[in-house]
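Source file final-v8.cif; content: mmCIF, C-alpha atoms and all ligand atoms.
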```
data_entry
#
loop_
_atom_site.label_atom_id
_atom_site.label_comp_id
_atom_site.auth_asym_id
_atom_site.auth_seq_id
_atom_site.Cartn_x
_atom_site.Cartn_y
_atom_site.Cartn_z
CA MET Q 10 -12.89 -39.03 -8.43
CA GLN Q 11 -12.30 -41.76 -10.96
CA SER Q 12 -12.18 -41.49 -14.74
CA ILE Q 13 -12.94 -44.95 -16.07
CA SER Q 14 -12.68 -44.59 -19.82
CA PRO Q 15 -12.34 -42.19 -22.73
CA GLU Q 16 -15.57 -40.35 -23.49
CA ILE Q 17 -15.89 -41.78 -27.02
CA ILE Q 18 -14.07 -44.77 -28.51
CA PHE Q 19 -13.78 -45.61 -32.20
CA ARG Q 20 -12.35 -49.03 -32.94
CA GLY Q 21 -11.79 -51.41 -35.84
CA ASN Q 22 -10.89 -50.90 -39.47
CA ASP Q 23 -11.66 -47.35 -40.62
CA ALA Q 24 -11.98 -46.10 -37.05
CA TRP Q 25 -10.13 -42.95 -38.10
CA GLU Q 26 -12.57 -42.20 -40.93
CA LYS Q 27 -15.51 -42.86 -38.60
CA ALA Q 28 -14.02 -40.58 -35.95
CA LEU Q 29 -13.39 -37.64 -38.30
CA PRO Q 30 -16.85 -35.97 -38.00
CA GLN Q 31 -16.66 -36.15 -34.19
CA ILE Q 32 -13.13 -34.76 -34.18
CA THR Q 33 -13.95 -31.88 -36.52
CA TYR Q 34 -16.96 -31.09 -34.33
CA LEU Q 35 -14.79 -31.01 -31.20
CA THR Q 36 -11.74 -29.11 -32.43
CA LYS Q 37 -10.95 -26.38 -34.97
CA ARG Q 38 -7.24 -25.79 -34.23
CA PRO Q 39 -5.67 -29.09 -33.13
CA LEU Q 40 -1.97 -29.79 -32.76
CA ILE Q 41 -0.84 -33.26 -33.85
CA LEU Q 42 1.89 -34.66 -31.65
CA GLY Q 43 4.14 -37.53 -32.73
CA ARG Q 44 7.69 -38.73 -32.67
CA SER Q 45 8.90 -41.78 -34.54
CA THR Q 46 9.86 -41.64 -38.20
CA TYR Q 47 7.98 -44.95 -38.61
CA THR Q 48 4.73 -43.09 -38.08
CA ASN Q 49 5.42 -40.11 -40.38
CA ASP Q 50 3.16 -41.34 -43.16
CA LEU Q 51 0.24 -41.98 -40.84
CA ARG Q 52 0.61 -38.62 -39.16
CA ASN Q 53 0.74 -36.92 -42.56
CA LYS Q 54 -2.47 -38.70 -43.47
CA ILE Q 55 -4.12 -37.49 -40.25
CA LEU Q 56 -2.93 -33.95 -41.01
CA LYS Q 57 -4.14 -34.06 -44.62
CA ASP Q 58 -7.54 -35.52 -43.74
CA LEU Q 59 -8.11 -32.76 -41.20
CA LYS Q 60 -6.95 -30.04 -43.62
CA ASN Q 61 -9.41 -31.41 -46.19
CA LYS Q 62 -12.14 -30.78 -43.62
CA ASN Q 63 -10.98 -27.15 -43.36
CA ILE Q 64 -9.49 -27.67 -39.93
CA ASN Q 65 -6.66 -25.31 -39.00
CA VAL Q 66 -4.27 -28.09 -38.00
CA ASN Q 67 -0.56 -28.15 -37.28
CA SER Q 68 1.90 -30.78 -36.15
CA THR Q 69 5.04 -31.07 -34.10
CA ASP Q 70 7.41 -33.86 -33.10
CA LEU Q 71 8.66 -34.78 -29.67
CA HIS Q 72 12.45 -34.95 -29.49
CA PHE Q 73 12.70 -37.32 -26.53
CA ASP Q 74 10.55 -39.45 -24.25
CA CYS Q 75 7.64 -37.96 -22.30
CA CYS Q 76 9.89 -35.44 -20.50
CA TYR Q 77 9.61 -31.92 -19.07
CA GLU Q 78 11.83 -30.42 -21.81
CA ASP Q 79 9.47 -31.56 -24.59
CA ILE Q 80 6.38 -30.86 -22.50
CA SER Q 81 7.23 -27.20 -21.92
CA ARG Q 82 8.30 -26.67 -25.55
CA VAL Q 83 5.02 -28.14 -26.87
CA LYS Q 84 2.97 -26.19 -24.31
CA ASN Q 85 4.51 -22.96 -25.66
CA ILE Q 86 3.68 -23.96 -29.25
CA ILE Q 87 0.05 -24.57 -28.25
CA LEU Q 88 -0.25 -21.32 -26.32
CA SER Q 89 1.35 -19.13 -28.99
CA ASN Q 90 -0.76 -20.65 -31.78
CA ASN Q 91 -4.03 -20.89 -29.85
CA HIS Q 92 -4.45 -24.59 -30.47
CA ASP Q 93 -7.66 -25.89 -28.93
CA SER Q 94 -6.79 -29.62 -28.63
CA VAL Q 95 -3.96 -32.13 -28.84
CA ILE Q 96 -4.10 -35.13 -31.15
CA ALA Q 97 -1.45 -37.51 -29.82
CA ALA Q 98 -0.61 -40.09 -32.50
CA GLY Q 99 2.05 -42.65 -31.65
CA GLY Q 100 3.25 -45.03 -28.95
CA GLY Q 101 2.91 -44.80 -25.17
CA LYS Q 102 5.32 -41.95 -24.64
CA VAL Q 103 3.70 -39.75 -27.29
CA LEU Q 104 0.24 -40.54 -25.90
CA ASP Q 105 1.38 -39.82 -22.34
CA SER Q 106 2.91 -36.48 -23.39
CA GLY Q 107 -0.23 -35.44 -25.27
CA LYS Q 108 -2.51 -36.34 -22.36
CA TYR Q 109 -0.28 -34.57 -19.84
CA ILE Q 110 0.02 -31.37 -21.90
CA ALA Q 111 -3.73 -31.27 -22.65
CA ASP Q 112 -4.47 -31.78 -18.96
CA CYS Q 113 -2.13 -28.92 -17.94
CA LEU Q 114 -3.71 -26.55 -20.46
CA ASN Q 115 -7.26 -27.75 -19.85
CA ILE Q 116 -7.91 -28.61 -23.50
CA PRO Q 117 -9.20 -31.95 -24.86
CA CYS Q 118 -6.83 -34.75 -25.87
CA ILE Q 119 -7.57 -37.12 -28.72
CA THR Q 120 -5.44 -40.25 -28.61
CA VAL Q 121 -4.61 -42.20 -31.76
CA PRO Q 122 -2.40 -45.17 -30.78
CA LEU Q 123 -0.21 -46.23 -33.70
CA SER Q 124 0.83 -49.54 -32.14
CA ALA Q 125 -0.54 -52.08 -29.67
CA SER Q 126 2.42 -51.54 -27.35
CA THR Q 127 0.41 -49.72 -24.72
CA CYS Q 128 -2.95 -48.91 -23.12
CA ALA Q 129 -1.89 -45.27 -22.78
CA GLY Q 130 -4.51 -44.29 -25.38
CA TRP Q 131 -7.15 -45.18 -22.79
CA THR Q 132 -5.88 -44.22 -19.36
CA SER Q 133 -5.78 -41.06 -17.25
CA LEU Q 134 -2.14 -41.57 -16.33
CA SER Q 135 1.11 -40.22 -17.74
CA ASN Q 136 4.58 -41.52 -16.97
CA ILE Q 137 7.22 -38.82 -16.90
CA TYR Q 138 10.82 -39.62 -17.88
CA THR Q 139 14.05 -37.66 -18.19
CA LYS Q 140 15.05 -36.86 -21.74
CA ASN Q 141 17.37 -39.88 -21.56
CA GLY Q 142 14.49 -42.20 -20.77
CA GLN Q 143 14.93 -42.55 -17.00
CA PHE Q 144 11.63 -42.96 -15.19
CA ILE Q 145 10.79 -40.05 -12.85
CA LYS Q 146 7.18 -40.52 -11.76
CA ASP Q 147 3.64 -41.21 -12.87
CA VAL Q 148 1.01 -38.53 -12.76
CA THR Q 149 -2.74 -39.07 -12.41
CA LEU Q 150 -4.61 -36.77 -14.78
CA ARG Q 151 -8.09 -35.32 -14.28
CA SER Q 152 -9.64 -37.53 -16.95
CA CYS Q 153 -9.13 -40.12 -19.64
CA PRO Q 154 -8.84 -38.79 -23.21
CA LYS Q 155 -11.89 -37.18 -24.79
CA ILE Q 156 -11.73 -39.39 -27.90
CA LEU Q 157 -9.76 -42.60 -28.47
CA VAL Q 158 -9.29 -43.73 -32.07
CA PHE Q 159 -8.08 -47.33 -32.17
CA ASP Q 160 -7.77 -47.89 -35.91
CA HIS Q 161 -6.67 -51.43 -36.78
CA LYS Q 162 -5.22 -50.30 -40.11
CA PHE Q 163 -2.95 -47.89 -38.28
CA ILE Q 164 -1.92 -50.49 -35.69
CA GLN Q 165 -1.07 -52.95 -38.45
CA THR Q 166 1.75 -50.73 -39.74
CA ALA Q 167 3.65 -50.92 -36.42
CA PRO Q 168 6.77 -53.13 -36.02
CA SER Q 169 6.03 -56.61 -34.54
CA ARG Q 170 8.21 -55.77 -31.58
CA THR Q 171 5.61 -53.27 -30.35
CA LEU Q 172 2.92 -55.97 -30.24
CA ALA Q 173 5.16 -58.29 -28.21
CA SER Q 174 5.91 -55.43 -25.82
CA GLY Q 175 2.20 -54.62 -25.44
CA ILE Q 176 1.46 -58.26 -24.62
CA ALA Q 177 4.08 -58.31 -21.84
CA ASP Q 178 2.75 -55.05 -20.37
CA ALA Q 179 -0.87 -56.27 -20.48
CA LEU Q 180 0.11 -59.59 -18.86
CA ALA Q 181 1.50 -57.63 -15.91
CA LYS Q 182 -2.01 -56.35 -15.09
CA TRP Q 183 -3.05 -59.69 -13.61
CA TYR Q 184 0.22 -60.54 -11.87
CA GLU Q 185 0.47 -57.10 -10.29
CA SER Q 186 -3.17 -56.33 -9.43
CA SER Q 187 -3.94 -59.80 -8.05
CA ILE Q 188 -1.07 -59.68 -5.59
CA THR Q 189 -1.57 -56.09 -4.43
CA SER Q 190 -5.35 -55.80 -4.41
CA SER Q 191 -7.07 -59.19 -4.07
CA THR Q 192 -7.77 -58.64 -0.37
CA MET Q 193 -9.53 -55.34 -1.00
CA ASP Q 194 -13.16 -55.20 -0.10
CA ASP Q 195 -14.21 -53.14 -3.11
CA GLY Q 196 -16.47 -54.63 -5.76
CA LEU Q 197 -15.05 -52.65 -8.66
CA VAL Q 198 -11.48 -53.54 -7.73
CA GLN Q 199 -12.44 -57.22 -7.50
CA GLN Q 200 -14.08 -57.03 -10.92
CA ALA Q 201 -11.06 -55.26 -12.41
CA ILE Q 202 -8.85 -58.08 -11.16
CA GLN Q 203 -11.21 -60.65 -12.70
CA ILE Q 204 -11.05 -58.84 -16.04
CA SER Q 205 -7.26 -58.87 -15.84
CA ARG Q 206 -7.37 -62.66 -15.28
CA VAL Q 207 -9.46 -63.20 -18.40
CA LEU Q 208 -7.14 -60.79 -20.21
CA ARG Q 209 -4.11 -62.87 -19.14
CA ASP Q 210 -5.76 -66.10 -20.31
CA GLN Q 211 -6.50 -64.59 -23.69
CA LEU Q 212 -2.93 -63.32 -24.04
CA LEU Q 213 -1.51 -66.72 -23.13
CA ILE Q 214 -3.82 -68.52 -25.56
CA ASP Q 215 -3.78 -66.12 -28.50
CA GLY Q 216 -0.66 -63.98 -28.04
CA GLY Q 217 1.60 -66.28 -30.07
CA LYS Q 218 -0.96 -66.71 -32.85
CA ALA Q 219 -1.44 -62.95 -33.07
CA PHE Q 220 2.32 -62.37 -33.33
CA LYS Q 221 2.75 -64.92 -36.14
CA ASP Q 222 0.10 -63.45 -38.39
CA GLU Q 223 -0.45 -59.75 -37.89
CA SER Q 224 -3.41 -59.29 -40.18
CA GLU Q 225 -6.93 -58.00 -39.75
CA ASN Q 226 -8.17 -61.38 -41.05
CA ASN Q 227 -6.63 -63.13 -38.06
CA PRO Q 228 -9.15 -63.07 -35.18
CA SER Q 229 -6.33 -63.69 -32.68
CA TRP Q 230 -4.56 -60.55 -33.87
CA ARG Q 231 -7.71 -58.45 -33.62
CA ASN Q 232 -8.43 -59.75 -30.12
CA ILE Q 233 -4.90 -59.30 -28.87
CA ILE Q 234 -4.36 -55.75 -30.12
CA GLU Q 235 -7.62 -54.76 -28.45
CA ALA Q 236 -6.64 -56.66 -25.30
CA CYS Q 237 -3.40 -54.64 -25.10
CA GLY Q 238 -4.75 -51.27 -26.25
CA LEU Q 239 -8.24 -51.28 -24.75
CA THR Q 240 -8.93 -53.97 -22.13
CA ALA Q 241 -5.68 -53.33 -20.25
CA GLY Q 242 -6.77 -49.67 -20.04
CA LEU Q 243 -10.22 -50.67 -18.80
CA VAL Q 244 -8.65 -52.68 -15.95
CA GLY Q 245 -6.78 -49.55 -14.85
CA GLY Q 246 -9.92 -47.43 -15.27
CA ILE Q 247 -12.20 -49.67 -13.19
CA GLY Q 248 -9.57 -50.68 -10.65
CA GLY Q 249 -8.30 -47.13 -10.21
CA GLU Q 250 -5.38 -46.39 -7.97
CA LYS Q 251 -6.21 -49.31 -5.75
CA CYS Q 252 -5.63 -51.79 -8.55
CA ARG Q 253 -1.99 -51.03 -8.39
CA THR Q 254 1.17 -51.86 -10.18
CA ALA Q 255 3.72 -53.73 -8.10
CA ALA Q 256 7.20 -55.17 -8.47
CA ALA Q 257 7.23 -55.65 -12.26
CA HIS Q 258 6.76 -51.92 -12.87
CA ALA Q 259 8.96 -50.94 -9.91
CA ILE Q 260 11.79 -53.02 -11.43
CA HIS Q 261 11.06 -51.51 -14.86
CA ASN Q 262 11.39 -48.03 -13.39
CA ALA Q 263 14.71 -48.97 -11.80
CA ILE Q 264 16.13 -50.56 -14.96
CA THR Q 265 15.38 -47.36 -16.94
CA GLN Q 266 17.78 -45.50 -14.60
CA ILE Q 267 20.68 -47.21 -16.35
CA ILE Q 268 21.20 -45.61 -19.71
CA THR Q 269 22.00 -48.08 -22.48
CA PRO Q 270 22.86 -47.41 -26.13
CA ASN Q 271 19.80 -49.32 -27.38
CA GLN Q 272 16.54 -48.24 -25.90
CA PHE Q 273 14.09 -50.97 -25.02
CA LEU Q 274 10.33 -50.63 -25.07
CA HIS Q 275 8.33 -50.25 -21.86
CA GLY Q 276 6.71 -53.70 -22.04
CA GLU Q 277 10.00 -55.40 -22.94
CA ILE Q 278 11.42 -54.20 -19.62
CA VAL Q 279 8.19 -54.86 -17.68
CA GLY Q 280 8.25 -58.48 -18.93
CA VAL Q 281 11.64 -59.06 -17.27
CA GLY Q 282 10.31 -57.30 -14.16
CA LEU Q 283 7.38 -59.68 -14.13
CA LEU Q 284 9.62 -62.76 -14.06
CA LEU Q 285 11.61 -61.21 -11.22
CA GLN Q 286 8.43 -60.34 -9.31
CA LEU Q 287 7.37 -63.99 -9.47
CA ARG Q 288 10.77 -65.07 -8.12
CA LEU Q 289 10.32 -62.60 -5.24
CA GLU Q 290 6.88 -64.04 -4.53
CA GLU Q 291 8.36 -67.50 -4.46
CA MET Q 292 11.18 -66.48 -2.12
CA LYS Q 293 9.37 -64.12 0.24
CA ASN Q 294 5.74 -65.21 0.06
CA ASN Q 295 6.19 -68.95 -0.35
CA ASN Q 296 4.17 -68.85 -3.56
CA LYS Q 297 4.38 -72.39 -4.89
CA LEU Q 298 2.68 -71.44 -8.15
CA ALA Q 299 5.24 -68.81 -9.07
CA ASP Q 300 7.62 -71.28 -10.69
CA GLN Q 301 4.85 -72.67 -12.89
CA SER Q 302 3.78 -69.16 -13.85
CA ILE Q 303 7.37 -68.32 -14.84
CA LYS Q 304 7.62 -71.41 -17.03
CA GLN Q 305 4.28 -70.62 -18.64
CA LEU Q 306 5.31 -67.01 -19.28
CA LEU Q 307 8.71 -67.98 -20.64
CA VAL Q 308 7.15 -70.16 -23.35
CA LEU Q 309 5.15 -67.21 -24.62
CA MET Q 310 7.94 -64.67 -24.16
CA LYS Q 311 10.35 -66.79 -26.22
CA GLU Q 312 7.71 -67.15 -28.91
CA LEU Q 313 7.38 -63.35 -28.98
CA ASN Q 314 11.18 -62.79 -29.03
CA LEU Q 315 10.93 -60.84 -25.78
CA PRO Q 316 13.98 -60.35 -23.55
CA THR Q 317 13.85 -62.63 -20.49
CA THR Q 318 16.86 -61.39 -18.49
CA ILE Q 319 18.33 -58.00 -17.63
CA ALA Q 320 21.40 -59.00 -19.68
CA GLU Q 321 19.14 -59.28 -22.73
CA LEU Q 322 18.15 -55.66 -22.08
CA GLY Q 323 21.80 -54.74 -22.67
CA ILE Q 324 22.73 -54.36 -18.99
CA ASN Q 325 25.35 -56.38 -17.15
CA VAL Q 326 24.18 -56.19 -13.54
CA PHE Q 327 27.63 -57.27 -12.32
CA GLU Q 328 29.30 -54.14 -13.75
CA ASN Q 329 29.32 -50.47 -12.68
CA GLN Q 330 27.36 -51.19 -9.50
CA ASN Q 331 24.33 -51.77 -11.72
CA LEU Q 332 22.92 -54.35 -9.33
CA ASP Q 333 23.07 -51.85 -6.48
CA LYS Q 334 21.57 -49.10 -8.58
CA ILE Q 335 18.63 -51.28 -9.62
CA ALA Q 336 18.04 -52.61 -6.10
CA ASP Q 337 18.30 -49.08 -4.61
CA PHE Q 338 15.83 -47.52 -7.00
CA THR Q 339 13.41 -50.44 -6.82
CA CYS Q 340 13.30 -50.32 -3.02
CA ARG Q 341 13.27 -46.52 -2.58
CA ASP Q 342 10.66 -45.17 -0.17
CA ASN Q 343 7.81 -44.35 -2.56
CA SER Q 344 8.36 -47.31 -4.90
CA GLU Q 345 5.43 -49.46 -6.06
CA ILE Q 346 7.32 -52.49 -4.80
CA HIS Q 347 6.07 -51.67 -1.31
CA PHE Q 348 2.48 -52.37 -2.47
CA LEU Q 349 3.44 -56.06 -2.28
CA PRO Q 350 1.78 -57.68 0.76
CA PHE Q 351 5.18 -58.72 2.15
CA GLU Q 352 8.35 -56.82 3.07
CA ILE Q 353 11.04 -56.45 0.45
CA CYS Q 354 14.49 -55.08 1.14
CA LYS Q 355 17.45 -54.32 -1.09
CA GLN Q 356 19.19 -57.58 -0.20
CA ASP Q 357 16.16 -59.65 -1.28
CA LEU Q 358 16.12 -57.96 -4.61
CA SER Q 359 19.88 -58.23 -5.15
CA GLU Q 360 19.73 -61.93 -4.32
CA VAL Q 361 16.87 -62.65 -6.70
CA ILE Q 362 18.45 -60.66 -9.53
CA THR Q 363 21.87 -62.28 -8.99
CA ASN Q 364 20.40 -65.78 -9.15
CA PHE Q 365 18.25 -64.86 -12.09
CA GLU Q 366 21.07 -63.36 -14.12
CA GLN Q 367 23.41 -66.23 -13.34
CA GLN Q 368 20.64 -68.60 -14.40
CA LYS Q 369 21.29 -70.77 -11.38
CA ILE Q 370 17.57 -71.14 -11.11
CA LYS Q 371 15.86 -73.30 -13.67
CA ILE Q 372 13.91 -71.24 -16.15
ZN ZN Q 401 3.09 -50.62 -18.05
#
```
Let's see the structure in the file written out as structure tokens.
Amino acid sequence: MQSISPEIIFRGNDAWEKALPQITYLTKRPLILGRSTYTNDLRNKILKDLKNKNINVNSTDLHFDCCYEDISRVKNIILSNNHDSVIAAGGGKVLDSGKYIADCLNIPCITVPLSASTCAGWTSLSNIYTKNGQFIKDVTLRSCPKILVFDHKFIQTAPSRTLASGIADALAKWYESSITSSTMDDGLVQQAIQISRVLRDQLLIDGGKAFKDESENNPSWRNIIEACGLTAGLVGGIGGEKCRTAAAHAIHNAITQIITPNQFLHGEIVGVGLLLQLRLEEMKNNNKLADQSIKQLLVLMKELNLPTTIAELGINVFENQNLDKIADFTCRDNSEIHFLPFEICKQDLSEVITNFEQQKIKI
């Protein structure tokens, strides 16, 4: 079974207003789920608009990342108040929590991404973390959200950092799916990889322009937010499980195991993982193009103020056995890193990270 896309998608300016009749038709007692104080005003607007349509709506905030503590608390709220849907309005972790909870309770989920940091508004996947932000696992849900509302006015209010993070995460689609799945004899997987290539080209060409002028009048901005929020989700939908994540996400998952005072966004960490994946491909798979790809990515990443080393994520790999911890978690038995078409062991990873962090290699 494969769920390719949300059932209904509203996109563009005023997507929320256009979606309202469909939402009020679908649900009479929704629960709005959110988290960040940045998005309070937008979530209040969503609440008010629904109340004005005589919808019996309530809202609650997550306290942490998409974690079991929050999930079970919100499930209880839904069950004791007879809510008949979840409206998840926020970034990736809010969207993932909403989708997961709705899936468990067999009620529809409406996703309203409030930044371009993620394609979680589209997909039928949720990443589960501890309440301190350490990655635990990803869960495949029965379906993509019932309704996705991708309102450009909402996205425009998000901090620039979220756009940069979304670009890094969407870039990973090509670098990860092409290395893990290009030998697969499955038409849809092949086509998903091709879409991710076009997606990468667009991000490389327009990503910087979008970041410099985040306005609806800027066609680069419109294209890039939809590339990150929609097209990246479509690649996952068409490619399915076979169009897999690889080292960049495996390294991301490992880096989240080390708790730092400042939390970094998913795509900010994935971007560093992507550079490290390319170094691994160079070292273990004799990929002569990897160095060029790194240089090309670094130009864009600098332009977007993205971190480009683990040190820039606030972690000194040479302290507290951090290098070991990252290498251990990345290479554990069920890690995505083993989807790479060549063997990777802990020593390979430690070597690449050590060189990378010491900047002995030219980047
Ligand atoms: Zn990701």
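Closest approach to Val244 in chain Q among Q:Leu289, Q:Cys153, Q:Ile202, Q:Leu42 is made by Q:Ile202 (distances from all atoms listed in the file).
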Could I get the residue neighbourhood of ligand ZN 401 (chain Q) at 12 Å, counting all atoms listed in the file, as JSON, numbers by chain? {"Q": [101, 102, 105, 126, 127, 128, 129, 132, 134, 135, 136, 144, 147, 174, 175, 176, 177, 178, 179, 180, 181, 182, 183, 185, 237, 238, 241, 242, 245, 253, 254, 255, 256, 257, 258, 259, 260, 261, 262, 274, 275, 276, 277, 278, 279, 280, 282, 283]}
Choose the residue, out of Q:Gln11, Q:Ser81, Q:Thr48, Q:Leu197, that has the smallest atom-to-atom separation from Pro168 in chain Q; count only C-alpha atoms. Q:Thr48
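You will find CA of Gln305 in chain Q at 20.3 Å from CA of Gln367 in chain Q.
If all atoms listed in the file are the atoms counted, then among Q:Ile145, Q:Ile214, Q:Ile96, Q:Ile41 the closest residue to Asp70 in chain Q is Q:Ile41.
Closest approach to Cys118 in chain Q among Q:Glu16, Q:Thr192, Q:Ile137, Q:Thr171 is made by Q:Glu16 (distances from all atoms listed in the file).
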What separation in Å, quoted to one decimal, exists between CA of Gln143 in chain Q and CA of Met292 in chain Q? 28.4 Å
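Taking CA of Lys60 in chain Q and CA of Pro30 in chain Q as the two end points, the separation is 12.8 Å.
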8 Å contact set for Ala263 in chain Q, all atoms listed in the file, chain neighbours under 6 positions out, as JSON, numbers by chain: {"Q": [144, 334, 335, 336, 338, 339]}
Requested write-out: C-alpha atoms of the selected residues, as a compact mmCIF listing (two decimals), in the coordinates of the input:
```
# COMPACT_ATOMS: atom_id res chain seq x y z
CA PHE Q 144 11.63 -42.96 -15.19
CA LYS Q 334 21.57 -49.10 -8.58
CA ILE Q 335 18.63 -51.28 -9.62
CA ALA Q 336 18.04 -52.61 -6.10
CA PHE Q 338 15.83 -47.52 -7.00
CA THR Q 339 13.41 -50.44 -6.82
```
Spatial neighbours of Leu322 in chain Q, 10 Å, all atoms listed in the file, chain gap at least 6 places, as a list in words: Ile264, Thr269, Asn271, Gln272, Phe273, Leu274, Glu277, Ile278, Val281, Leu315 and Pro316 of chain Q
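The closest residue to Thr240 in chain Q, picked from Q:Val326, Q:Ile32, Q:Asn115, Q:Ser14 and counting only C-alpha atoms, is Q:Ser14.
Minimum atom-to-atom distances from Q:Gln286, Q:Thr139, Q:Gln368, Q:Thr265 to Thr189 in chain Q were compared using all atoms listed in the file, and the lowest value belongs to Q:Gln286.
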Using all atoms listed in the file, what residues lie at most 12 Å away from (-1.7, -20.5, -31.2) (file coordinates), given as a PyMOL selection string? chain Q and resi 37-40+65-68+83-94
Name the residues in contact with Leu71 in chain Q at a cut-off of 12 Å, using only C-alpha atoms, excluding same-chain residues fewer than 5 positions from it; report them as a VMD selection string. chain Q and resid 41 to 46 76 to 84 86 97 to 100 102 to 107 140
Just so I have it separately, write range 347-353 of chain Q from the block I sent, keeping all heavy atoms, as a compact mmCIF listing (two decimals), in the first residue's frame.
```txt
# COMPACT_ATOMS: atom_id res chain seq x y z
N HIS Q 347 22.99 1.99 6.08
CA HIS Q 347 23.24 0.71 5.41
C HIS Q 347 22.45 0.56 4.10
O HIS Q 347 22.59 -0.44 3.42
CB HIS Q 347 22.96 -0.45 6.38
CG HIS Q 347 23.78 -0.34 7.64
ND1 HIS Q 347 25.15 -0.25 7.63
CD2 HIS Q 347 23.41 -0.24 8.95
CE1 HIS Q 347 25.59 -0.12 8.87
NE2 HIS Q 347 24.57 -0.10 9.68
N PHE Q 348 21.64 1.57 3.74
CA PHE Q 348 21.01 1.58 2.42
C PHE Q 348 22.02 2.01 1.35
O PHE Q 348 21.76 1.89 0.15
CB PHE Q 348 19.81 2.53 2.37
CG PHE Q 348 18.68 2.15 3.30
CD1 PHE Q 348 17.84 3.10 3.84
CD2 PHE Q 348 18.45 0.81 3.62
CE1 PHE Q 348 16.81 2.76 4.69
CE2 PHE Q 348 17.42 0.45 4.47
CZ PHE Q 348 16.60 1.42 5.01
N LEU Q 349 23.16 2.55 1.76
CA LEU Q 349 24.20 2.92 0.79
C LEU Q 349 24.66 1.65 0.08
O LEU Q 349 24.72 0.58 0.70
CB LEU Q 349 25.40 3.57 1.49
CG LEU Q 349 25.20 4.97 2.06
CD1 LEU Q 349 26.43 5.39 2.87
CD2 LEU Q 349 24.91 5.99 0.97
N PRO Q 350 25.01 1.75 -1.21
CA PRO Q 350 25.37 0.53 -1.95
C PRO Q 350 26.81 0.07 -1.67
O PRO Q 350 27.36 -0.69 -2.44
CB PRO Q 350 25.20 0.96 -3.41
CG PRO Q 350 25.41 2.43 -3.40
CD PRO Q 350 24.96 2.93 -2.06
N PHE Q 351 27.41 0.55 -0.61
CA PHE Q 351 28.75 0.09 -0.23
C PHE Q 351 28.79 0.00 1.30
O PHE Q 351 28.00 0.64 1.99
CB PHE Q 351 29.84 1.03 -0.76
CG PHE Q 351 29.57 2.49 -0.51
CD1 PHE Q 351 30.02 3.11 0.64
CD2 PHE Q 351 28.85 3.26 -1.44
CE1 PHE Q 351 29.76 4.45 0.88
CE2 PHE Q 351 28.59 4.61 -1.20
CZ PHE Q 351 29.05 5.20 -0.04
N GLU Q 352 29.71 -0.82 1.80
CA GLU Q 352 29.80 -1.06 3.24
C GLU Q 352 30.36 0.17 3.95
O GLU Q 352 31.31 0.80 3.47
CB GLU Q 352 30.76 -2.22 3.50
CG GLU Q 352 30.24 -3.57 3.08
CD GLU Q 352 29.43 -4.23 4.17
OE1 GLU Q 352 29.88 -4.20 5.33
OE2 GLU Q 352 28.33 -4.76 3.86
N ILE Q 353 29.78 0.46 5.09
CA ILE Q 353 30.30 1.55 5.93
C ILE Q 353 30.48 0.99 7.33
O ILE Q 353 29.57 0.34 7.87
CB ILE Q 353 29.28 2.71 5.99
CG1 ILE Q 353 29.23 3.47 4.66
CG2 ILE Q 353 29.59 3.67 7.11
CD1 ILE Q 353 30.39 4.36 4.40
```
